[in-house]
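Asks: Below is target_10.cif; it holds mmCIF, C-alpha atoms.
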```cif
data_work
#
loop_
_atom_site.label_atom_id
_atom_site.label_comp_id
_atom_site.auth_asym_id
_atom_site.auth_seq_id
_atom_site.Cartn_x
_atom_site.Cartn_y
_atom_site.Cartn_z
CA MET L 1 74.30 97.05 91.31
CA LYS L 2 77.58 98.89 91.83
CA SER L 3 80.26 98.67 89.16
CA TYR L 4 83.81 97.67 90.11
CA ARG L 5 87.10 98.49 88.45
CA GLY L 6 89.03 95.65 90.09
CA VAL L 7 88.48 92.28 91.75
CA PHE L 8 90.52 90.29 94.29
CA LEU L 9 89.97 86.53 94.13
CA ASP L 10 90.63 84.03 96.89
CA LEU L 11 91.77 80.58 95.73
CA ASP L 12 90.98 77.47 97.76
CA GLY L 13 87.27 77.18 98.48
CA THR L 14 86.47 79.95 95.99
CA LEU L 15 88.01 78.77 92.72
CA PHE L 16 88.86 75.17 93.55
CA LYS L 17 88.70 72.55 96.28
CA GLY L 18 91.71 70.28 96.45
CA ASN L 19 92.11 69.04 92.88
CA GLU L 20 88.59 69.93 91.75
CA VAL L 21 87.46 73.15 90.08
CA ILE L 22 84.37 74.70 91.65
CA PRO L 23 81.56 74.82 89.06
CA GLY L 24 81.06 78.23 87.46
CA ALA L 25 84.30 79.70 88.79
CA VAL L 26 86.35 79.46 85.57
CA GLU L 27 83.50 81.07 83.65
CA PHE L 28 83.36 83.88 86.21
CA VAL L 29 87.07 84.66 85.87
CA ASN L 30 86.89 84.43 82.09
CA ARG L 31 84.06 86.94 82.18
CA LEU L 32 86.23 89.36 84.16
CA GLU L 33 88.94 89.02 81.53
CA ASP L 34 86.51 89.37 78.61
CA GLU L 35 85.03 92.55 80.10
CA GLY L 36 88.48 94.01 80.77
CA ILE L 37 88.06 94.11 84.56
CA PRO L 38 91.51 93.76 86.19
CA PHE L 39 91.83 91.10 88.85
CA LEU L 40 94.38 89.55 91.16
CA TYR L 41 94.56 86.17 92.84
CA LEU L 42 95.17 86.60 96.59
CA THR L 43 96.50 83.75 98.72
CA ASN L 44 97.69 83.44 102.30
CA ASN L 45 100.02 80.65 101.22
CA SER L 46 103.62 81.86 101.42
CA SER L 47 105.29 78.64 100.29
CA ARG L 48 104.75 78.94 96.53
CA THR L 49 106.16 81.49 94.12
CA PRO L 50 103.78 83.50 91.91
CA GLU L 51 104.97 81.41 88.96
CA GLN L 52 104.02 78.21 90.76
CA VAL L 53 100.61 79.54 91.79
CA ALA L 54 99.88 80.74 88.24
CA GLU L 55 100.90 77.38 86.81
CA LYS L 56 98.53 75.58 89.18
CA LEU L 57 95.68 77.91 88.26
CA ARG L 58 96.30 77.44 84.52
CA GLY L 59 96.17 73.70 85.13
CA PHE L 60 92.61 74.20 86.38
CA GLY L 61 91.75 76.25 83.30
CA TYR L 62 92.03 79.74 84.78
CA PRO L 63 93.72 82.60 82.93
CA ALA L 64 96.68 83.36 85.18
CA GLU L 65 100.07 85.03 84.90
CA PRO L 66 102.60 85.44 87.75
CA GLU L 67 102.00 89.20 87.89
CA GLN L 68 98.33 88.50 88.70
CA VAL L 69 99.26 86.59 91.87
CA VAL L 70 99.66 88.21 95.29
CA THR L 71 100.97 86.00 98.09
CA THR L 72 101.67 86.75 101.73
CA ALA L 73 105.33 86.23 100.90
CA LEU L 74 105.28 89.11 98.41
CA ALA L 75 103.36 91.36 100.79
CA ALA L 76 105.69 90.54 103.70
CA ALA L 77 108.76 91.21 101.58
CA ALA L 78 107.33 94.54 100.41
CA TRP L 79 106.60 95.50 104.03
CA LEU L 80 110.18 94.66 105.05
CA LYS L 81 111.54 96.80 102.23
CA GLU L 82 109.28 99.78 102.84
CA GLU L 83 109.06 99.79 106.63
CA MET L 84 112.48 98.42 107.62
CA ASN L 85 114.62 99.36 104.61
CA SER L 86 115.33 95.73 103.60
CA PRO L 87 116.84 94.48 106.88
CA ALA L 88 118.85 91.35 107.65
CA VAL L 89 116.22 88.61 108.09
CA TYR L 90 116.02 85.14 109.58
CA VAL L 91 113.43 83.24 107.54
CA ILE L 92 111.36 80.24 108.55
CA GLY L 93 109.61 79.30 105.33
CA GLU L 94 109.80 77.69 101.93
CA GLU L 95 110.80 78.73 98.41
CA GLY L 96 108.11 81.35 97.89
CA LEU L 97 108.99 83.30 101.03
CA ILE L 98 112.74 82.92 100.71
CA ARG L 99 112.77 84.17 97.13
CA ALA L 100 110.43 87.09 97.84
CA VAL L 101 112.55 88.26 100.77
CA GLU L 102 115.73 88.03 98.71
CA GLU L 103 114.19 89.92 95.79
CA ALA L 104 113.17 92.70 98.19
CA GLY L 105 116.87 93.28 98.84
CA CYS L 106 116.94 91.70 102.29
CA ARG L 107 119.94 89.70 103.45
CA ILE L 108 118.96 86.29 104.80
CA VAL L 109 121.04 85.41 107.85
CA ASP L 110 121.21 82.75 110.57
CA GLU L 111 122.56 85.06 113.28
CA ASP L 112 121.81 88.59 114.53
CA PRO L 113 118.84 89.37 112.25
CA GLU L 114 116.88 92.59 112.50
CA ALA L 115 113.67 90.71 111.71
CA VAL L 116 112.35 87.16 111.95
CA VAL L 117 109.78 86.19 109.30
CA VAL L 118 107.72 83.04 109.76
CA GLY L 119 105.69 81.38 107.02
CA LEU L 120 104.59 77.86 106.24
CA ASP L 121 107.59 75.55 106.66
CA ARG L 122 107.06 71.81 106.31
CA GLN L 123 110.68 71.27 107.44
CA PHE L 124 110.17 73.18 110.69
CA THR L 125 112.50 72.00 113.47
CA TYR L 126 113.33 72.76 117.08
CA GLU L 127 116.62 74.27 115.87
CA LYS L 128 114.77 76.75 113.65
CA MET L 129 112.43 77.64 116.50
CA LYS L 130 115.39 78.12 118.84
CA LYS L 131 117.11 80.56 116.44
CA ALA L 132 113.90 82.51 115.95
CA CYS L 133 113.20 82.75 119.68
CA LEU L 134 116.74 83.87 120.53
CA ALA L 135 116.65 86.54 117.83
CA ILE L 136 113.25 87.86 118.91
CA ARG L 137 114.31 87.96 122.56
CA ALA L 138 117.36 89.94 121.42
CA GLY L 139 115.11 92.54 119.80
CA ALA L 140 114.43 91.33 116.24
CA ARG L 141 111.03 92.31 114.82
CA PHE L 142 108.67 89.31 114.65
CA ILE L 143 106.68 89.03 111.39
CA GLY L 144 104.20 86.29 110.53
CA THR L 145 103.00 85.83 106.97
CA ASN L 146 99.52 84.86 108.18
CA ALA L 147 97.66 83.67 111.25
CA ASP L 148 96.06 80.55 109.75
CA ARG L 149 96.57 77.84 112.34
CA ALA L 150 95.18 75.02 110.19
CA LEU L 151 95.82 74.24 106.54
CA PRO L 152 93.03 72.37 104.70
CA THR L 153 94.35 69.47 102.59
CA GLU L 154 93.03 66.24 101.15
CA GLU L 155 94.46 64.52 104.24
CA GLY L 156 92.50 66.79 106.53
CA PHE L 157 93.51 69.93 108.44
CA LEU L 158 97.29 70.15 108.87
CA PRO L 159 99.30 72.68 110.93
CA GLY L 160 99.30 76.05 109.18
CA SER L 161 101.77 78.91 109.18
CA GLY L 162 100.02 80.55 112.12
CA SER L 163 100.61 77.52 114.33
CA LEU L 164 104.37 77.94 113.88
CA SER L 165 104.16 81.64 114.71
CA MET L 166 102.06 80.91 117.78
CA ALA L 167 104.60 78.36 119.03
CA ILE L 168 107.31 81.01 118.83
CA ALA L 169 105.02 83.59 120.45
CA ALA L 170 104.29 81.19 123.31
CA SER L 171 108.00 80.85 124.02
CA THR L 172 109.01 84.50 123.65
CA GLY L 173 105.90 86.25 124.92
CA VAL L 174 106.05 88.42 121.79
CA SER L 175 103.07 88.54 119.43
CA PRO L 176 103.82 88.45 115.70
CA PHE L 177 102.87 91.23 113.32
CA PHE L 178 100.77 89.44 110.72
CA ILE L 179 100.69 90.40 107.04
CA GLY L 180 98.07 88.15 105.41
CA LYS L 181 94.29 88.03 105.44
CA PRO L 182 92.39 89.17 107.49
CA GLU L 183 94.92 91.96 108.06
CA ALA L 184 94.74 95.07 105.91
CA VAL L 185 98.49 94.97 105.11
CA ILE L 186 98.11 92.50 102.24
CA MET L 187 95.07 94.36 100.94
CA ARG L 188 96.99 97.65 100.73
CA TYR L 189 99.76 95.86 98.86
CA ALA L 190 97.24 94.28 96.49
CA LEU L 191 95.54 97.63 95.81
CA LYS L 192 98.88 99.19 95.00
CA THR L 193 99.69 96.27 92.69
CA LEU L 194 96.37 96.41 90.85
CA GLY L 195 96.24 100.21 90.77
CA THR L 196 92.65 100.57 91.95
CA LYS L 197 91.06 102.37 94.88
CA ALA L 198 89.50 100.48 97.77
CA GLU L 199 85.99 101.79 97.09
CA GLU L 200 86.07 100.51 93.48
CA THR L 201 87.44 97.04 94.26
CA LEU L 202 85.51 93.87 95.13
CA VAL L 203 86.93 91.10 97.33
CA VAL L 204 85.65 87.59 96.53
CA GLY L 205 86.16 84.73 98.98
CA ASP L 206 84.68 81.81 100.88
CA ASN L 207 85.89 82.58 104.40
CA LEU L 208 84.24 85.19 106.60
CA ASP L 209 87.14 85.28 109.07
CA THR L 210 89.86 85.85 106.48
CA ASP L 211 88.72 86.96 103.01
CA ILE L 212 85.64 88.94 103.99
CA LEU L 213 87.12 90.50 107.13
CA ALA L 214 90.24 91.49 105.17
CA GLY L 215 88.08 93.25 102.60
CA ILE L 216 86.11 95.06 105.29
CA ARG L 217 89.28 96.15 107.07
CA GLY L 218 90.66 97.36 103.75
CA GLY L 219 87.57 99.45 103.05
CA MET L 220 86.33 97.28 100.17
CA ASP L 221 83.03 95.67 99.24
CA THR L 222 82.96 91.90 99.62
CA LEU L 223 81.30 88.91 97.98
CA LEU L 224 80.98 85.74 100.05
CA VAL L 225 80.56 82.51 98.08
CA LEU L 226 79.18 79.54 100.01
CA THR L 227 81.40 76.99 98.29
CA GLY L 228 84.13 76.70 100.90
CA VAL L 229 84.65 77.36 104.59
CA SER L 230 81.79 79.63 105.68
CA THR L 231 78.13 78.60 105.65
CA GLU L 232 74.74 80.25 105.95
CA GLU L 233 74.74 79.15 109.59
CA ASP L 234 78.03 80.97 110.14
CA LEU L 235 76.48 84.15 108.76
CA GLU L 236 73.80 83.99 111.44
CA LYS L 237 76.38 83.75 114.23
CA THR L 238 78.82 86.51 113.25
CA ASP L 239 79.01 90.28 113.13
CA ILE L 240 81.12 90.09 109.96
CA ARG L 241 78.75 91.23 107.21
CA PRO L 242 79.71 90.72 103.55
CA THR L 243 78.27 93.15 101.01
CA TYR L 244 76.91 90.30 98.91
CA VAL L 245 76.34 86.57 99.42
CA VAL L 246 75.86 83.92 96.70
CA ARG L 247 75.77 80.15 96.81
CA GLN L 248 78.31 79.92 93.99
CA LEU L 249 80.02 82.24 91.52
CA ALA L 250 77.75 80.98 88.74
CA ASP L 251 74.90 82.84 90.48
CA TRP L 252 76.84 86.11 90.45
CA SER L 253 77.66 85.79 86.75
CA LEU L 254 74.03 86.64 85.98
CA GLN L 255 74.49 90.09 87.49
CA GLN L 256 76.23 93.12 86.14
CA ILE L 257 79.62 93.56 87.80
#
```
Written as structure tokens, how would this file's structure read?
Replies:
Amino acid sequence: MKSYRGVFLDLDGTLFKGNEVIPGAVEFVNRLEDEGIPFLYLTNNSSRTPEQVAEKLRGFGYPAEPEQVVTTALAAAAWLKEEMNSPAVYVIGEEGLIRAVEEAGCRIVDEDPEAVVVGLDRQFTYEKMKKACLAIRAGARFIGTNADRALPTEEGFLPGSGSLSMAIAASTGVSPFFIGKPEAVIMRYALKTLGTKAEETLVVGDNLDTDILAGIRGGMDTLLVLTGVSTEEDLEKTDIRPTYVVRQLADWSLQQI
């Protein structure tokens, strides 16, 4: 069994489901901490700040500090700073995205932006869509935090961030540049944050199409846990091949990381 110097952990479906902790997951993360293996929590959710995500995880019993949380908002903001020199930005999103963009030195504007960034926004309106479309048609770069079209909740599947981006894409004819899983952009940001190399980092997640594909695209080994979205039947129907598969993280805890 290969040894790893760092681990990236997905959240929903891997560590918890709704308001319930997945059995064995807290023990798995505690083992990482006890053995001194650095880890980060990776989420496609752009609406929450790292502090809010860490607080939620601590409420479930996980060891979590804000600096251990990587969101699509943070990765998008870093991309704007590095690739566009902190441009003027029109933001469709919530607190997590707005704060990350501001802290990256970008100026948030309503008119004449150089970039339009779209994340989850539960106050999305026609007016916001109109401003985004006009700016993109005028030449603004179109950035989407992630392509998830559905958001799993206790109510059922609600519209995700990707559905808002796709609505804007349908109107403008311009495809967004996505940051979050399964794209490699967020994985490069996470590797830089953790300070490990791709070949020595393990990606743990429950979704073949996001977590596992992101790890593969980022050049990392992957561990699929069958506690969330993807099933054994899905494995038989896809070309996406995780490095390891376990029914739950408790099974992996018996092995040497």
Asks: Where does the PyMOL selection byres ((chain L and resi 182) around 10) land in this file, that is, which residues does it pick, as JSON, numbers by chain?
Replies: {"L": [44, 146, 147, 148, 178, 179, 180, 181, 183, 184, 185, 186, 187, 207, 208, 209, 210, 211, 212, 213, 214, 215, 216, 217, 218]}
Asks: Can you write out the residues you just picked, keeping C-alpha atoms, as a PDB file, in the coordinates of the input?
Replies:
```pdb
ATOM      1  CA  ASN L  44      97.690  83.440 102.300  1.00  0.00           C
ATOM      2  CA  ASN L 146      99.520  84.860 108.180  1.00  0.00           C
ATOM      3  CA  ALA L 147      97.660  83.670 111.250  1.00  0.00           C
ATOM      4  CA  ASP L 148      96.060  80.550 109.750  1.00  0.00           C
ATOM      5  CA  PHE L 178     100.770  89.440 110.720  1.00  0.00           C
ATOM      6  CA  ILE L 179     100.690  90.400 107.040  1.00  0.00           C
ATOM      7  CA  GLY L 180      98.070  88.150 105.410  1.00  0.00           C
ATOM      8  CA  LYS L 181      94.290  88.030 105.440  1.00  0.00           C
ATOM      9  CA  GLU L 183      94.920  91.960 108.060  1.00  0.00           C
ATOM     10  CA  ALA L 184      94.740  95.070 105.910  1.00  0.00           C
ATOM     11  CA  VAL L 185      98.490  94.970 105.110  1.00  0.00           C
ATOM     12  CA  ILE L 186      98.110  92.500 102.240  1.00  0.00           C
ATOM     13  CA  MET L 187      95.070  94.360 100.940  1.00  0.00           C
ATOM     14  CA  ASN L 207      85.890  82.580 104.400  1.00  0.00           C
ATOM     15  CA  LEU L 208      84.240  85.190 106.600  1.00  0.00           C
ATOM     16  CA  ASP L 209      87.140  85.280 109.070  1.00  0.00           C
ATOM     17  CA  THR L 210      89.860  85.850 106.480  1.00  0.00           C
ATOM     18  CA  ASP L 211      88.720  86.960 103.010  1.00  0.00           C
ATOM     19  CA  ILE L 212      85.640  88.940 103.990  1.00  0.00           C
ATOM     20  CA  LEU L 213      87.120  90.500 107.130  1.00  0.00           C
ATOM     21  CA  ALA L 214      90.240  91.490 105.170  1.00  0.00           C
ATOM     22  CA  GLY L 215      88.080  93.250 102.600  1.00  0.00           C
ATOM     23  CA  ILE L 216      86.110  95.060 105.290  1.00  0.00           C
ATOM     24  CA  ARG L 217      89.280  96.150 107.070  1.00  0.00           C
ATOM     25  CA  GLY L 218      90.660  97.360 103.750  1.00  0.00           C
TER      26      GLY L 218
END
```
Asks: Just the residues within 10 Å of Leu57 of chain L, please, counting only C-alpha atoms, with nothing from its chain fewer than 5 positions along; format it as a ChimeraX atom specification.
Replies: /L:11,15-16,21,26,41,51-52,62-65
Asks: Assuming the chain letters and numbering stay as they are in my file, what does the PyMOL selection byres ((chain L and resi 85-90) around 6) actually select? List them as a ChimeraX atom specification.
Replies: /L:80-84,91,105-110,113-116
Asks: Smallest atom-to-atom distance to Arg48 of chain L: which of L:Val29, L:Ala73, L:Ala167, L:Leu134, using all atoms listed in the file?
Replies: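 Closest to Arg48 of chain L of all the choices is L:Ala73.
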Asks: Between atom CA of Ala54 of chain L and atom CA of Gln68 of chain L, what distance in Å does the model show, to one decimal?
Replies: 7.9 Å
Asks: May I ask which of the residues L:Glu94, L:Glu35, L:Asp251, L:Asp112 is the closest one to Phe124 of chain L, counting all atoms listed in the file?
Replies: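 Closest to Phe124 of chain L, using all atoms listed in the file: L:Glu94.
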Asks: Please determine, counting only C-alpha atoms, which residue among L:Ala132, L:Val69, L:Val7, L:Ala78 has the shortest atom-to-atom distance to Val174 of chain L.
Replies: L:Ala132
Asks: In Å, with one decimal, what is the gap from atom CA of Lys131 of chain L to atom CA of Thr145 of chain L?
Replies: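 Atom CA of Thr145 of chain L lies at a distance of 17.8 Å from atom CA of Lys131 of chain L.
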Asks: State, in Å with one decimal place, the distance from atom CA of Glu27 of chain L to atom CA of Glu55 of chain L.
Replies: 18.1 Å
Asks: Report as a compact mmCIF listing (two decimals) with C-alpha atoms, in the coordinates of the input the full result of the PyMOL selection byres ((chain L and resi 119) around 7) when it is applied to this structure.
Replies:
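Saved file result33.txt follows:
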```
# COMPACT_ATOMS: atom_id res chain seq x y z
CA SER L 46 103.62 81.86 101.42
CA ILE L 92 111.36 80.24 108.55
CA GLY L 93 109.61 79.30 105.33
CA VAL L 117 109.78 86.19 109.30
CA VAL L 118 107.72 83.04 109.76
CA LEU L 120 104.59 77.86 106.24
CA ASP L 121 107.59 75.55 106.66
CA GLY L 144 104.20 86.29 110.53
CA THR L 145 103.00 85.83 106.97
CA SER L 161 101.77 78.91 109.18
```
Asks: Starting from the incomplete input, reconstruct N, CA and C atoms of segment 147-180 of chain L and report them as a compact mmCIF listing (two decimals), keeping the file's coordinate frame.
Replies:
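Writing the result to rebuild-v1.txt gives the following:
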```txt
# COMPACT_ATOMS: atom_id res chain seq x y z
N ALA L 147 98.02 84.25 109.95
CA ALA L 147 97.66 83.67 111.25
C ALA L 147 96.92 82.34 111.14
N ASP L 148 96.80 81.80 109.93
CA ASP L 148 96.06 80.55 109.75
C ASP L 148 96.71 79.42 110.53
N ARG L 149 95.99 78.90 111.51
CA ARG L 149 96.57 77.84 112.34
C ARG L 149 96.38 76.46 111.74
N ALA L 150 95.43 76.32 110.83
CA ALA L 150 95.18 75.02 110.19
C ALA L 150 95.18 75.20 108.67
N LEU L 151 95.70 74.21 107.99
CA LEU L 151 95.82 74.24 106.54
C LEU L 151 94.97 73.10 105.97
N PRO L 152 93.88 73.43 105.24
CA PRO L 152 93.03 72.37 104.70
C PRO L 152 93.72 71.62 103.56
N THR L 153 93.77 70.31 103.64
CA THR L 153 94.35 69.47 102.59
C THR L 153 93.45 68.26 102.39
N GLU L 154 93.81 67.45 101.40
CA GLU L 154 93.03 66.24 101.15
C GLU L 154 93.20 65.23 102.28
N GLU L 155 94.26 65.39 103.07
CA GLU L 155 94.46 64.52 104.24
C GLU L 155 93.63 64.95 105.43
N GLY L 156 93.18 66.19 105.39
CA GLY L 156 92.50 66.79 106.53
C GLY L 156 93.19 68.11 106.87
N PHE L 157 92.92 68.66 108.04
CA PHE L 157 93.51 69.93 108.44
C PHE L 157 94.89 69.70 109.05
N LEU L 158 95.91 70.27 108.40
CA LEU L 158 97.29 70.15 108.87
C LEU L 158 97.72 71.45 109.53
N PRO L 159 98.83 71.44 110.30
CA PRO L 159 99.30 72.68 110.93
C PRO L 159 99.60 73.76 109.88
N GLY L 160 99.07 74.94 110.10
CA GLY L 160 99.30 76.05 109.18
C GLY L 160 100.42 76.95 109.66
N SER L 161 100.71 77.96 108.86
CA SER L 161 101.77 78.91 109.18
C SER L 161 101.56 79.55 110.54
N GLY L 162 100.31 79.89 110.85
CA GLY L 162 100.02 80.55 112.12
C GLY L 162 100.36 79.71 113.33
N SER L 163 100.29 78.39 113.19
CA SER L 163 100.61 77.52 114.33
C SER L 163 102.09 77.60 114.66
N LEU L 164 102.93 77.79 113.63
CA LEU L 164 104.37 77.94 113.88
C LEU L 164 104.65 79.27 114.57
N SER L 165 103.99 80.33 114.08
CA SER L 165 104.16 81.64 114.71
C SER L 165 103.70 81.63 116.16
N MET L 166 102.59 80.94 116.42
CA MET L 166 102.06 80.91 117.78
C MET L 166 102.97 80.12 118.73
N ALA L 167 103.65 79.10 118.20
CA ALA L 167 104.60 78.36 119.03
C ALA L 167 105.74 79.27 119.46
N ILE L 168 106.23 80.07 118.52
CA ILE L 168 107.31 81.01 118.83
C ILE L 168 106.82 82.11 119.77
N ALA L 169 105.60 82.57 119.56
CA ALA L 169 105.02 83.59 120.45
C ALA L 169 104.85 83.06 121.86
N ALA L 170 104.47 81.78 121.98
CA ALA L 170 104.29 81.19 123.31
C ALA L 170 105.60 81.15 124.07
N SER L 171 106.70 80.92 123.37
CA SER L 171 108.00 80.85 124.02
C SER L 171 108.56 82.22 124.37
N THR L 172 108.38 83.19 123.47
CA THR L 172 109.01 84.50 123.65
C THR L 172 108.12 85.49 124.39
N GLY L 173 106.82 85.26 124.36
CA GLY L 173 105.90 86.25 124.92
C GLY L 173 105.70 87.44 124.01
N VAL L 174 106.17 87.34 122.77
CA VAL L 174 106.05 88.42 121.79
C VAL L 174 105.05 88.01 120.72
N SER L 175 104.06 88.84 120.45
CA SER L 175 103.07 88.54 119.43
C SER L 175 103.59 88.93 118.05
N PRO L 176 103.35 88.11 117.05
CA PRO L 176 103.82 88.45 115.70
C PRO L 176 102.98 89.55 115.06
N PHE L 177 103.58 90.28 114.15
CA PHE L 177 102.87 91.23 113.32
C PHE L 177 102.50 90.49 112.04
N PHE L 178 101.20 90.24 111.85
CA PHE L 178 100.77 89.44 110.72
C PHE L 178 100.52 90.30 109.48
N ILE L 179 100.80 89.72 108.32
CA ILE L 179 100.69 90.40 107.04
C ILE L 179 99.44 89.99 106.27
N GLY L 180 99.11 88.69 106.28
CA GLY L 180 98.07 88.15 105.41
C GLY L 180 96.66 88.38 105.90
```
